[in-house]
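Coordinates as given in final-v6.pdb (PDB, C-alpha atoms):
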```
MODEL        1
ATOM      1  CA  MET U 391      69.851  13.183   5.606  1.00  0.00           C
ATOM      2  CA  ARG U 392      70.909  14.480   8.994  1.00  0.00           C
ATOM      3  CA  PHE U 393      67.353  15.444   9.950  1.00  0.00           C
ATOM      4  CA  ARG U 394      64.609  12.852   9.584  1.00  0.00           C
ATOM      5  CA  LEU U 395      60.908  12.509  10.270  1.00  0.00           C
ATOM      6  CA  THR U 396      59.558   9.079  11.146  1.00  0.00           C
ATOM      7  CA  SER U 397      56.177   7.623  12.005  1.00  0.00           C
ATOM      8  CA  SER U 398      57.710   4.647  13.826  1.00  0.00           C
ATOM      9  CA  ALA U 399      59.701   4.363  17.069  1.00  0.00           C
ATOM     10  CA  ILE U 400      63.153   5.967  16.948  1.00  0.00           C
ATOM     11  CA  ASP U 401      65.959   3.380  16.915  1.00  0.00           C
ATOM     12  CA  THR U 402      68.510   5.139  19.095  1.00  0.00           C
ATOM     13  CA  ASP U 403      71.109   2.344  18.900  1.00  0.00           C
ATOM     14  CA  SER U 404      71.209   2.560  15.148  1.00  0.00           C
ATOM     15  CA  ALA U 405      71.189   6.388  15.190  1.00  0.00           C
ATOM     16  CA  ARG U 406      74.059   6.454  17.681  1.00  0.00           C
ATOM     17  CA  ARG U 407      76.124   4.127  15.495  1.00  0.00           C
ATOM     18  CA  GLU U 408      75.917   6.672  12.675  1.00  0.00           C
ATOM     19  CA  LEU U 409      77.852   9.122  14.859  1.00  0.00           C
ATOM     20  CA  LEU U 410      80.802   6.827  15.592  1.00  0.00           C
ATOM     21  CA  ASP U 411      84.138   8.298  14.514  1.00  0.00           C
ATOM     22  CA  LEU U 412      87.731   7.320  15.183  1.00  0.00           C
ATOM     23  CA  GLY U 413      88.475  10.929  16.092  1.00  0.00           C
ATOM     24  CA  ALA U 414      85.521  11.450  18.416  1.00  0.00           C
ATOM     25  CA  GLY U 415      86.236  11.557  22.138  1.00  0.00           C
ATOM     26  CA  GLY U 416      82.618  11.857  23.164  1.00  0.00           C
ATOM     27  CA  TYR U 417      78.975  11.839  22.238  1.00  0.00           C
ATOM     28  CA  VAL U 418      75.991  13.693  23.687  1.00  0.00           C
ATOM     29  CA  SER U 419      72.359  12.891  22.983  1.00  0.00           C
ATOM     30  CA  PHE U 420      69.009  14.342  23.960  1.00  0.00           C
ATOM     31  CA  GLU U 421      65.680  12.511  24.039  1.00  0.00           C
ATOM     32  CA  GLY U 422      62.413  14.438  24.215  1.00  0.00           C
ATOM     33  CA  TRP U 423      59.649  12.348  25.863  1.00  0.00           C
ATOM     34  CA  VAL U 424      55.882  12.683  25.981  1.00  0.00           C
ATOM     35  CA  ARG U 425      54.919  13.734  29.508  1.00  0.00           C
ATOM     36  CA  ASN U 426      51.578  13.634  31.267  1.00  0.00           C
ATOM     37  CA  TYR U 427      51.169  17.265  32.212  1.00  0.00           C
ATOM     38  CA  ASN U 428      51.334  20.599  30.393  1.00  0.00           C
ATOM     39  CA  GLU U 429      50.184  24.066  31.415  1.00  0.00           C
ATOM     40  CA  GLY U 430      47.758  22.874  34.062  1.00  0.00           C
ATOM     41  CA  GLN U 431      46.200  20.059  32.032  1.00  0.00           C
ATOM     42  CA  GLU U 432      46.638  16.305  32.365  1.00  0.00           C
ATOM     43  CA  VAL U 433      47.839  15.021  28.992  1.00  0.00           C
ATOM     44  CA  ILE U 434      46.971  11.444  27.947  1.00  0.00           C
ATOM     45  CA  ARG U 435      48.379  11.330  24.406  1.00  0.00           C
ATOM     46  CA  LEU U 436      49.797  13.470  21.593  1.00  0.00           C
ATOM     47  CA  GLU U 437      49.728  13.827  17.842  1.00  0.00           C
ATOM     48  CA  TYR U 438      52.526  15.396  15.825  1.00  0.00           C
ATOM     49  CA  GLU U 439      51.858  16.761  12.363  1.00  0.00           C
ATOM     50  CA  ALA U 440      54.526  18.130  10.008  1.00  0.00           C
ATOM     51  CA  PHE U 441      54.717  20.090   6.784  1.00  0.00           C
ATOM     52  CA  GLN U 442      57.099  17.358   5.724  1.00  0.00           C
ATOM     53  CA  GLU U 443      58.832  18.908   2.745  1.00  0.00           C
ATOM     54  CA  LEU U 444      59.727  22.160   4.508  1.00  0.00           C
ATOM     55  CA  ALA U 445      60.352  20.469   7.873  1.00  0.00           C
ATOM     56  CA  ALA U 446      62.970  18.250   6.245  1.00  0.00           C
ATOM     57  CA  LYS U 447      64.667  21.245   4.632  1.00  0.00           C
ATOM     58  CA  GLU U 448      64.631  23.441   7.739  1.00  0.00           C
ATOM     59  CA  GLY U 449      65.784  20.593   9.987  1.00  0.00           C
ATOM     60  CA  GLU U 450      68.633  19.829   7.617  1.00  0.00           C
ATOM     61  CA  ARG U 451      69.654  23.511   7.661  1.00  0.00           C
ATOM     62  CA  ILE U 452      69.719  23.490  11.481  1.00  0.00           C
ATOM     63  CA  VAL U 453      71.998  20.448  11.645  1.00  0.00           C
ATOM     64  CA  ALA U 454      74.234  21.993   8.961  1.00  0.00           C
ATOM     65  CA  GLU U 455      74.427  25.212  11.023  1.00  0.00           C
ATOM     66  CA  ALA U 456      75.439  23.190  14.098  1.00  0.00           C
ATOM     67  CA  LEU U 457      78.190  21.461  12.108  1.00  0.00           C
ATOM     68  CA  GLN U 458      79.487  24.868  10.965  1.00  0.00           C
ATOM     69  CA  ARG U 459      79.188  26.569  14.348  1.00  0.00           C
ATOM     70  CA  PHE U 460      80.743  23.819  16.486  1.00  0.00           C
ATOM     71  CA  PRO U 461      83.761  21.564  15.754  1.00  0.00           C
ATOM     72  CA  LEU U 462      81.719  18.356  15.568  1.00  0.00           C
ATOM     73  CA  LYS U 463      82.383  15.023  13.945  1.00  0.00           C
ATOM     74  CA  HIS U 464      78.758  14.129  13.237  1.00  0.00           C
ATOM     75  CA  ALA U 465      75.248  15.288  14.113  1.00  0.00           C
ATOM     76  CA  LEU U 466      71.797  13.799  13.592  1.00  0.00           C
ATOM     77  CA  CYS U 467      68.220  14.621  14.629  1.00  0.00           C
ATOM     78  CA  ILE U 468      65.148  12.391  14.284  1.00  0.00           C
ATOM     79  CA  HIS U 469      61.600  13.595  15.019  1.00  0.00           C
ATOM     80  CA  ARG U 470      58.449  11.510  15.328  1.00  0.00           C
ATOM     81  CA  ILE U 471      55.201  12.334  13.579  1.00  0.00           C
ATOM     82  CA  GLY U 472      51.775  10.779  14.128  1.00  0.00           C
ATOM     83  CA  ALA U 473      50.212   9.476  17.340  1.00  0.00           C
ATOM     84  CA  LEU U 474      52.349   9.119  20.478  1.00  0.00           C
ATOM     85  CA  ASP U 475      51.615   7.824  23.964  1.00  0.00           C
ATOM     86  CA  LEU U 476      52.990   8.935  27.320  1.00  0.00           C
ATOM     87  CA  THR U 477      56.719   8.151  27.750  1.00  0.00           C
ATOM     88  CA  ASP U 478      57.215   7.687  23.981  1.00  0.00           C
ATOM     89  CA  MET U 479      60.263   9.413  22.525  1.00  0.00           C
ATOM     90  CA  ALA U 480      59.182  12.370  20.390  1.00  0.00           C
ATOM     91  CA  VAL U 481      62.608  13.577  19.290  1.00  0.00           C
ATOM     92  CA  TRP U 482      66.222  12.437  19.423  1.00  0.00           C
ATOM     93  CA  VAL U 483      69.350  14.527  18.882  1.00  0.00           C
ATOM     94  CA  GLY U 484      72.884  13.122  18.870  1.00  0.00           C
ATOM     95  CA  VAL U 485      76.279  14.681  18.208  1.00  0.00           C
ATOM     96  CA  SER U 486      79.837  13.381  18.389  1.00  0.00           C
ATOM     97  CA  SER U 487      82.948  15.521  18.714  1.00  0.00           C
ATOM     98  CA  VAL U 488      86.595  15.548  19.762  1.00  0.00           C
ATOM     99  CA  HIS U 489      85.807  17.039  23.181  1.00  0.00           C
ATOM    100  CA  ARG U 490      82.668  17.056  25.346  1.00  0.00           C
ATOM    101  CA  GLY U 491      82.110  20.803  25.617  1.00  0.00           C
ATOM    102  CA  GLU U 492      81.081  21.417  22.037  1.00  0.00           C
ATOM    103  CA  ALA U 493      79.015  18.223  22.029  1.00  0.00           C
ATOM    104  CA  PHE U 494      76.838  19.482  24.908  1.00  0.00           C
ATOM    105  CA  ASP U 495      76.544  22.934  23.319  1.00  0.00           C
ATOM    106  CA  ALA U 496      75.702  21.628  19.845  1.00  0.00           C
ATOM    107  CA  CYS U 497      73.093  19.189  21.142  1.00  0.00           C
ATOM    108  CA  ARG U 498      71.376  22.036  23.002  1.00  0.00           C
ATOM    109  CA  PHE U 499      71.602  24.288  19.926  1.00  0.00           C
ATOM    110  CA  ILE U 500      69.958  21.711  17.669  1.00  0.00           C
ATOM    111  CA  ILE U 501      67.007  20.905  19.931  1.00  0.00           C
ATOM    112  CA  ASP U 502      66.372  24.599  20.689  1.00  0.00           C
ATOM    113  CA  GLU U 503      66.400  25.568  17.002  1.00  0.00           C
ATOM    114  CA  VAL U 504      64.231  22.594  16.011  1.00  0.00           C
ATOM    115  CA  LYS U 505      61.585  23.608  18.549  1.00  0.00           C
ATOM    116  CA  HIS U 506      61.528  27.179  17.232  1.00  0.00           C
ATOM    117  CA  ARG U 507      61.898  26.774  13.486  1.00  0.00           C
ATOM    118  CA  VAL U 508      60.771  23.424  12.096  1.00  0.00           C
ATOM    119  CA  PRO U 509      57.129  23.317  10.904  1.00  0.00           C
ATOM    120  CA  ILE U 510      55.923  20.553  13.223  1.00  0.00           C
ATOM    121  CA  TRP U 511      52.792  20.908  15.333  1.00  0.00           C
ATOM    122  CA  LYS U 512      51.711  19.108  18.483  1.00  0.00           C
ATOM    123  CA  LYS U 513      48.133  18.371  19.450  1.00  0.00           C
ATOM    124  CA  GLU U 514      47.620  17.411  23.076  1.00  0.00           C
ATOM    125  CA  HIS U 515      44.685  15.282  24.184  1.00  0.00           C
ATOM    126  CA  TYR U 516      43.686  15.853  27.790  1.00  0.00           C
ATOM    127  CA  ARG U 517      42.095  13.695  30.493  1.00  0.00           C
ATOM    128  CA  SER U 518      39.193  16.151  30.489  1.00  0.00           C
ATOM    129  CA  GLY U 519      38.292  15.078  26.930  1.00  0.00           C
ATOM    130  CA  ASP U 520      39.480  18.418  25.567  1.00  0.00           C
ATOM    131  CA  SER U 521      42.353  18.785  23.123  1.00  0.00           C
ATOM    132  CA  GLY U 522      44.460  21.605  21.784  1.00  0.00           C
ATOM    133  CA  TRP U 523      47.251  22.579  19.393  1.00  0.00           C
ATOM    134  CA  VAL U 524      50.191  23.711  21.518  1.00  0.00           C
ATOM    135  CA  ASN U 525      51.121  27.403  21.003  1.00  0.00           C
ATOM    136  CA  CYS U 526      48.064  27.944  18.781  1.00  0.00           C
ATOM    137  CA  GLU U 527      44.908  27.830  20.864  1.00  0.00           C
ATOM    138  CA  ARG U 528      45.746  30.161  23.720  1.00  0.00           C
ATOM    139  CA  CYS U 529      47.539  32.793  21.690  1.00  0.00           C
ATOM    140  CA  ALA U 530      44.761  32.630  19.100  1.00  0.00           C
ATOM    141  CA  ALA U 531      42.024  33.072  21.677  1.00  0.00           C
ATOM    142  CA  ALA U 532      43.598  36.071  23.387  1.00  0.00           C
ATOM    143  CA  PRO U 533      43.267  38.792  20.719  1.00  0.00           C
ATOM    144  CA  ILE U 534      39.782  37.695  19.751  1.00  0.00           C
ATOM    145  CA  HIS U 535      38.636  37.738  23.360  1.00  0.00           C
ATOM    146  CA  ALA U 536      40.115  41.200  23.831  1.00  0.00           C
ATOM    147  CA  HIS U 537      38.461  42.405  20.659  1.00  0.00           C
ATOM    148  CA  GLN U 538      34.987  41.190  21.605  1.00  0.00           C
ATOM    149  CA  HIS U 539      35.104  43.150  24.826  1.00  0.00           C
ATOM    150  CA  ALA U 540      36.683  46.296  23.383  1.00  0.00           C
TER     151      ALA U 540
ATOM    152  CA  MET R1438      44.769  32.535 -11.279  1.00  0.00           C
ATOM    153  CA  GLN R1439      44.717  29.162  -9.622  1.00  0.00           C
ATOM    154  CA  LEU R1440      46.764  28.415  -6.483  1.00  0.00           C
ATOM    155  CA  LYS R1441      47.195  25.256  -4.435  1.00  0.00           C
ATOM    156  CA  ILE R1442      46.672  25.874  -0.723  1.00  0.00           C
ATOM    157  CA  GLN R1443      47.671  23.311   1.919  1.00  0.00           C
ATOM    158  CA  TYR R1444      46.487  23.505   5.513  1.00  0.00           C
ATOM    159  CA  TYR R1445      48.096  22.084   8.640  1.00  0.00           C
ATOM    160  CA  ALA R1446      47.226  21.590  12.295  1.00  0.00           C
ATOM    161  CA  LEU R1447      44.756  24.126  13.716  1.00  0.00           C
ATOM    162  CA  MET R1448      44.228  25.742  10.311  1.00  0.00           C
ATOM    163  CA  ARG R1449      43.499  22.362   8.702  1.00  0.00           C
ATOM    164  CA  GLU R1450      40.800  21.755  11.287  1.00  0.00           C
ATOM    165  CA  GLN R1451      39.336  25.236  10.917  1.00  0.00           C
ATOM    166  CA  ALA R1452      39.326  25.027   7.108  1.00  0.00           C
ATOM    167  CA  GLY R1453      37.917  21.493   7.245  1.00  0.00           C
ATOM    168  CA  ARG R1454      40.355  20.324   4.564  1.00  0.00           C
ATOM    169  CA  SER R1455      44.036  19.544   4.010  1.00  0.00           C
ATOM    170  CA  GLU R1456      44.331  21.218   0.637  1.00  0.00           C
ATOM    171  CA  GLU R1457      42.417  22.828  -2.153  1.00  0.00           C
ATOM    172  CA  LEU R1458      42.829  24.409  -5.560  1.00  0.00           C
ATOM    173  CA  LEU R1459      41.669  27.989  -5.315  1.00  0.00           C
ATOM    174  CA  GLU R1460      40.782  30.483  -8.010  1.00  0.00           C
ATOM    175  CA  THR R1461      41.793  33.871  -6.632  1.00  0.00           C
ATOM    176  CA  SER R1462      42.872  37.366  -7.566  1.00  0.00           C
ATOM    177  CA  ALA R1463      44.969  37.737  -4.388  1.00  0.00           C
ATOM    178  CA  ALA R1464      48.340  39.078  -5.516  1.00  0.00           C
ATOM    179  CA  THR R1465      50.275  38.350  -2.320  1.00  0.00           C
ATOM    180  CA  PRO R1466      50.173  35.888   0.589  1.00  0.00           C
ATOM    181  CA  ALA R1467      48.957  38.745   2.799  1.00  0.00           C
ATOM    182  CA  ALA R1468      45.936  39.347   0.562  1.00  0.00           C
ATOM    183  CA  LEU R1469      45.332  35.625   0.217  1.00  0.00           C
ATOM    184  CA  TYR R1470      45.309  35.127   3.996  1.00  0.00           C
ATOM    185  CA  GLY R1471      42.743  37.896   4.344  1.00  0.00           C
ATOM    186  CA  GLU R1472      40.522  36.163   1.799  1.00  0.00           C
ATOM    187  CA  LEU R1473      40.865  32.737   3.445  1.00  0.00           C
ATOM    188  CA  ALA R1474      40.483  34.026   7.002  1.00  0.00           C
ATOM    189  CA  ALA R1475      37.195  35.657   6.006  1.00  0.00           C
ATOM    190  CA  ARG R1476      35.989  32.411   4.436  1.00  0.00           C
ATOM    191  CA  TYR R1477      37.058  29.963   7.157  1.00  0.00           C
ATOM    192  CA  GLY R1478      37.109  32.115  10.289  1.00  0.00           C
ATOM    193  CA  PHE R1479      40.770  31.439  11.088  1.00  0.00           C
ATOM    194  CA  THR R1480      41.520  32.515  14.655  1.00  0.00           C
ATOM    195  CA  LEU R1481      45.255  33.031  14.151  1.00  0.00           C
ATOM    196  CA  MET R1482      46.408  36.553  13.347  1.00  0.00           C
ATOM    197  CA  PRO R1483      48.806  36.963  10.397  1.00  0.00           C
ATOM    198  CA  GLU R1484      51.473  38.260  12.828  1.00  0.00           C
ATOM    199  CA  GLN R1485      51.480  34.789  14.419  1.00  0.00           C
ATOM    200  CA  LEU R1486      52.067  32.985  11.131  1.00  0.00           C
ATOM    201  CA  LYS R1487      54.837  32.414   8.655  1.00  0.00           C
ATOM    202  CA  VAL R1488      54.171  31.720   5.022  1.00  0.00           C
ATOM    203  CA  ALA R1489      55.778  29.313   2.566  1.00  0.00           C
ATOM    204  CA  VAL R1490      55.439  29.267  -1.214  1.00  0.00           C
ATOM    205  CA  ASN R1491      56.540  26.167  -3.117  1.00  0.00           C
ATOM    206  CA  SER R1492      57.904  24.645   0.098  1.00  0.00           C
ATOM    207  CA  GLU R1493      60.189  27.526   1.066  1.00  0.00           C
ATOM    208  CA  PHE R1494      59.680  30.328   3.580  1.00  0.00           C
ATOM    209  CA  THR R1495      58.902  33.623   1.878  1.00  0.00           C
ATOM    210  CA  ASP R1496      57.665  37.197   2.432  1.00  0.00           C
ATOM    211  CA  TRP R1497      54.053  38.208   2.901  1.00  0.00           C
ATOM    212  CA  SER R1498      54.487  40.730   0.081  1.00  0.00           C
ATOM    213  CA  ARG R1499      55.845  38.266  -2.485  1.00  0.00           C
ATOM    214  CA  ARG R1500      53.965  38.357  -5.816  1.00  0.00           C
ATOM    215  CA  LEU R1501      52.081  35.096  -6.267  1.00  0.00           C
ATOM    216  CA  SER R1502      52.079  33.291  -9.604  1.00  0.00           C
ATOM    217  CA  ALA R1503      49.608  30.840 -11.099  1.00  0.00           C
ATOM    218  CA  GLY R1504      50.269  27.334  -9.855  1.00  0.00           C
ATOM    219  CA  ASP R1505      52.088  28.395  -6.671  1.00  0.00           C
ATOM    220  CA  ALA R1506      51.618  26.113  -3.654  1.00  0.00           C
ATOM    221  CA  VAL R1507      50.969  28.233  -0.561  1.00  0.00           C
ATOM    222  CA  VAL R1508      51.134  27.143   3.084  1.00  0.00           C
ATOM    223  CA  PHE R1509      50.419  29.357   6.070  1.00  0.00           C
ATOM    224  CA  ILE R1510      52.444  28.132   9.033  1.00  0.00           C
ATOM    225  CA  PRO R1511      50.891  28.371  12.514  1.00  0.00           C
ATOM    226  CA  PRO R1512      53.166  28.708  15.583  1.00  0.00           C
ATOM    227  CA  VAL R1513      55.287  25.534  15.624  1.00  0.00           C
ATOM    228  CA  ALA R1514      55.606  23.112  18.542  1.00  0.00           C
ATOM    229  CA  GLY R1515      58.072  20.361  17.703  1.00  0.00           C
ATOM    230  CA  GLY R1516      60.279  18.659  20.266  1.00  0.00           C
TER     231      GLY R1516
ENDMDL
END
```
Since I need it in another form, could you write the structure as C-alpha cells?
Amino acid sequence: MRFRLTSSAIDTDSARRELLDLGAGGYVSFEGWVRNYNEGQEVIRLEYEAFQELAAKEGERIVAEALQRFPLKHALCIHRIGALDLTDMAVWVGVSSVHRGEAFDACRFIIDEVKHRVPIWKKEHYRSGDSGWVNCERCAAAPIHAHQHA
Amino acid sequence: MQLKIQYYALMREQAGRSEELLETSAATPAALYGELAARYGFTLMPEQLKVAVNSEFTDWSRRLSAGDAVVFIPPVAGG
C-alpha cells in the first residue's frame, strides 16, 4: 500500500527507507503539522476521522496517478487519524526520483490531491472551548443564515 | 428495501449515530439524502456533498439496491 492511514505517530525514518533506490538521485518529502491557529481561532488540538475503506482506495489512486504523471522511482503517503496535539505530524508524503525537479512536483501533487479528494475530516478544538469541523461548519451555516433572513 | 447508512464527521454528530439499517423507499441517493436531512436536520446542502455506495464514489441519480451501503461525504479536510 502506497497510501496508509495510521492512528500512531508516523515513523518517517522507516517510510523514507521504503523509497531508497539505486537509480534515485534525490528524495523530497513533505510533513503537515498541527498548528495553533486557523481562521482567527486559537487551536489547541485536532481530531482526524476517515471513511477508511474509501480513503485508502482514493489515496492509493492519487499515488498511482503521481507515479504515472511523473518519472518517479517510488512514492508513499501516510496520514494520521484520531487525536493529535499541536506540532504533531498529521501527514507525510515522500517521493524519490532520478532528478529533483519531478520529485518536488510530485510531492506537491500528492499532498494537494490528498487534501481535496480523500475522505478525511478534521475537527479543531479551540481555546475558547468551541470546536468545529473544518470546511463544514462555516459553509453549512451560510446558506441557512441567508435563507432565514430571505 | 433495507439500506445500511454510515455517517462521518459533522453528519455523524448531527445524526447522533455512526451507522444504521434503514427501511426506505428512496430510489436514489438524492432522494435518500432528502429523507435523512428532514429527519436529522443536516445543515449541509447536497451540492456540498459527495456520495459513495459500497465504498466507491457514485452519482446522485444511481438506482439503489437492497443491501447497499451508503455514505454521504461532507467537504473533506485532510492534510
Within 8 Å of chain R: each chain U residue with its shortest pair, all atoms listed in the file, as JSON lines:
```
{"residue": "U:Gly422", "atom": "CA", "partner": "R:Gly1516", "partner_atom": "CA", "distance": 6.2}
{"residue": "U:Tyr438", "atom": "CA", "partner": "R:Gly1515", "partner_atom": "CA", "distance": 7.7}
{"residue": "U:Glu439", "atom": "CA", "partner": "R:Ala1446", "partner_atom": "CA", "distance": 6.7}
{"residue": "U:Ala440", "atom": "CA", "partner": "R:Tyr1445", "partner_atom": "CA", "distance": 7.7}
{"residue": "U:Phe441", "atom": "CA", "partner": "R:Tyr1445", "partner_atom": "CA", "distance": 7.2}
{"residue": "U:Glu443", "atom": "CA", "partner": "R:Ser1492", "partner_atom": "CA", "distance": 6.4}
{"residue": "U:Leu444", "atom": "CA", "partner": "R:Ser1492", "partner_atom": "CA", "distance": 5.4}
{"residue": "U:His469", "atom": "CA", "partner": "R:Gly1516", "partner_atom": "CA", "distance": 7.4}
{"residue": "U:Ala480", "atom": "CA", "partner": "R:Gly1516", "partner_atom": "CA", "distance": 6.4}
{"residue": "U:Val481", "atom": "CA", "partner": "R:Gly1516", "partner_atom": "CA", "distance": 5.7}
{"residue": "U:Ile501", "atom": "CA", "partner": "R:Gly1516", "partner_atom": "CA", "distance": 7.1}
{"residue": "U:Val504", "atom": "CA", "partner": "R:Gly1515", "partner_atom": "CA", "distance": 6.8}
{"residue": "U:Lys505", "atom": "CA", "partner": "R:Gly1515", "partner_atom": "CA", "distance": 4.9}
{"residue": "U:His506", "atom": "CA", "partner": "R:Val1513", "partner_atom": "CA", "distance": 6.7}
{"residue": "U:Arg507", "atom": "CA", "partner": "R:Val1513", "partner_atom": "CA", "distance": 7.1}
{"residue": "U:Val508", "atom": "CA", "partner": "R:Val1513", "partner_atom": "CA", "distance": 6.9}
{"residue": "U:Pro509", "atom": "CA", "partner": "R:Val1513", "partner_atom": "CA", "distance": 5.5}
{"residue": "U:Ile510", "atom": "CA", "partner": "R:Gly1515", "partner_atom": "CA", "distance": 5.0}
{"residue": "U:Trp511", "atom": "CA", "partner": "R:Ala1514", "partner_atom": "CA", "distance": 4.8}
{"residue": "U:Lys512", "atom": "CA", "partner": "R:Ala1514", "partner_atom": "CA", "distance": 5.6}
{"residue": "U:Lys513", "atom": "CA", "partner": "R:Ala1446", "partner_atom": "CA", "distance": 7.9}
{"residue": "U:Trp523", "atom": "CA", "partner": "R:Leu1447", "partner_atom": "CA", "distance": 6.4}
{"residue": "U:Val524", "atom": "CA", "partner": "R:Ala1514", "partner_atom": "CA", "distance": 6.2}
{"residue": "U:Asn525", "atom": "CA", "partner": "R:Pro1512", "partner_atom": "CA", "distance": 5.9}
{"residue": "U:Cys526", "atom": "CA", "partner": "R:Pro1512", "partner_atom": "CA", "distance": 6.1}
{"residue": "U:Cys529", "atom": "CA", "partner": "R:Leu1481", "partner_atom": "CA", "distance": 7.9}
{"residue": "U:Ala530", "atom": "CA", "partner": "R:Leu1481", "partner_atom": "CA", "distance": 5.0}
{"residue": "U:Ala531", "atom": "CA", "partner": "R:Thr1480", "partner_atom": "CA", "distance": 7.1}
{"residue": "U:Ile534", "atom": "CA", "partner": "R:Thr1480", "partner_atom": "CA", "distance": 7.5}
```
Which one of U:Ala493, U:Leu395, U:Val418, U:Leu410 sits closest to U:Phe460 if you count all atoms listed in the file? U:Ala493
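Separating atom CA of U:Gly484 from atom CA of U:Ser397 is a distance of 18.9 Å.
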Can you work out the spacing between atom CA of R:Tyr1470 and atom CA of R:Gly1453 in Å, to one decimal? 15.8 Å
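Atom CA of U:Ala446 is positioned 22.8 Å from atom CA of R:Arg1454.
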Given the file shown, determine the residues that the PyMOL selection byres ((chain R and resi 1463) around 10) selects; report them as a ChimeraX atom specification. /R:1438,1440,1460-1462,1464-1472,1500-1502
Considering only C-alpha atoms, can you say which of U:Leu436, U:Glu429, U:Met479, U:Gly449 comes closest to U:Thr402?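 Smallest distance to U:Thr402 is found for U:Met479.
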Please define a box with edges along x, y and z of the file around all atoms of stretch 1502-1505 of chain R given in the file, extend it by 3 Å on each side, and return its centre and edge lengths in Å to one decimal, as AutoDock Vina command-line options.
```
--center_x 50.8 --center_y 30.3 --center_z -8.9 --size_x 8.5 --size_y 12.0 --size_z 10.4
```
What do you get, as a list of chain:residue names, if you spell out every residue that the PyMOL selection byres ((chain U and resi 409) around 7) selects here?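 This file gives the following for the PyMOL selection byres ((chain U and resi 409) around 7): U:Arg406, U:Arg407, U:Glu408, U:Leu410, U:Asp411, U:His464, U:Ala465, U:Val485, U:Ser486.
With all atoms listed in the file as the atoms that count, the minimum distance from R:Ala1503 to the choices R:Tyr1477, R:Glu1456, R:Ile1442, R:Val1488 is reached by R:Ile1442.
Nearest to U:Glu492 of all the residues U:Arg470, U:Arg459, U:Lys447, U:Arg392 is U:Arg459, based on all atoms listed in the file.
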Evaluating the PyMOL selection byres ((chain U and resi 477) around 8) on the displayed file yields which residues, as a PDB file with C-alpha atoms, in the coordinates of the input?
```pdb
ATOM      1  CA  TRP U 423      59.649  12.348  25.863  1.00  0.00           C
ATOM      2  CA  VAL U 424      55.882  12.683  25.981  1.00  0.00           C
ATOM      3  CA  ARG U 425      54.919  13.734  29.508  1.00  0.00           C
ATOM      4  CA  ASP U 475      51.615   7.824  23.964  1.00  0.00           C
ATOM      5  CA  LEU U 476      52.990   8.935  27.320  1.00  0.00           C
ATOM      6  CA  ASP U 478      57.215   7.687  23.981  1.00  0.00           C
ATOM      7  CA  MET U 479      60.263   9.413  22.525  1.00  0.00           C
TER       8      MET U 479
END
```
Tell me which residues come within 12 Å of (43.0, 7.3, 14.4), as number ranges by chain, counting all atoms listed in the file in the file's coordinates. U: 436-437, 472-474
Mind checking which residues fall within 8 Å of U:Ala456, counting all atoms listed in the file, ignoring those fewer than 5 positions away in the same chain, and posting them as a JSON list (two decimals) with C-alpha atoms, keeping the file's coordinate frame?
```
[["chain", "number", "residue", "atom", "x", "y", "z"],
["U", 465, "ALA", "CA", 75.25, 15.29, 14.11],
["U", 496, "ALA", "CA", 75.70, 21.63, 19.84],
["U", 499, "PHE", "CA", 71.60, 24.29, 19.93],
["U", 500, "ILE", "CA", 69.96, 21.71, 17.67]]
```
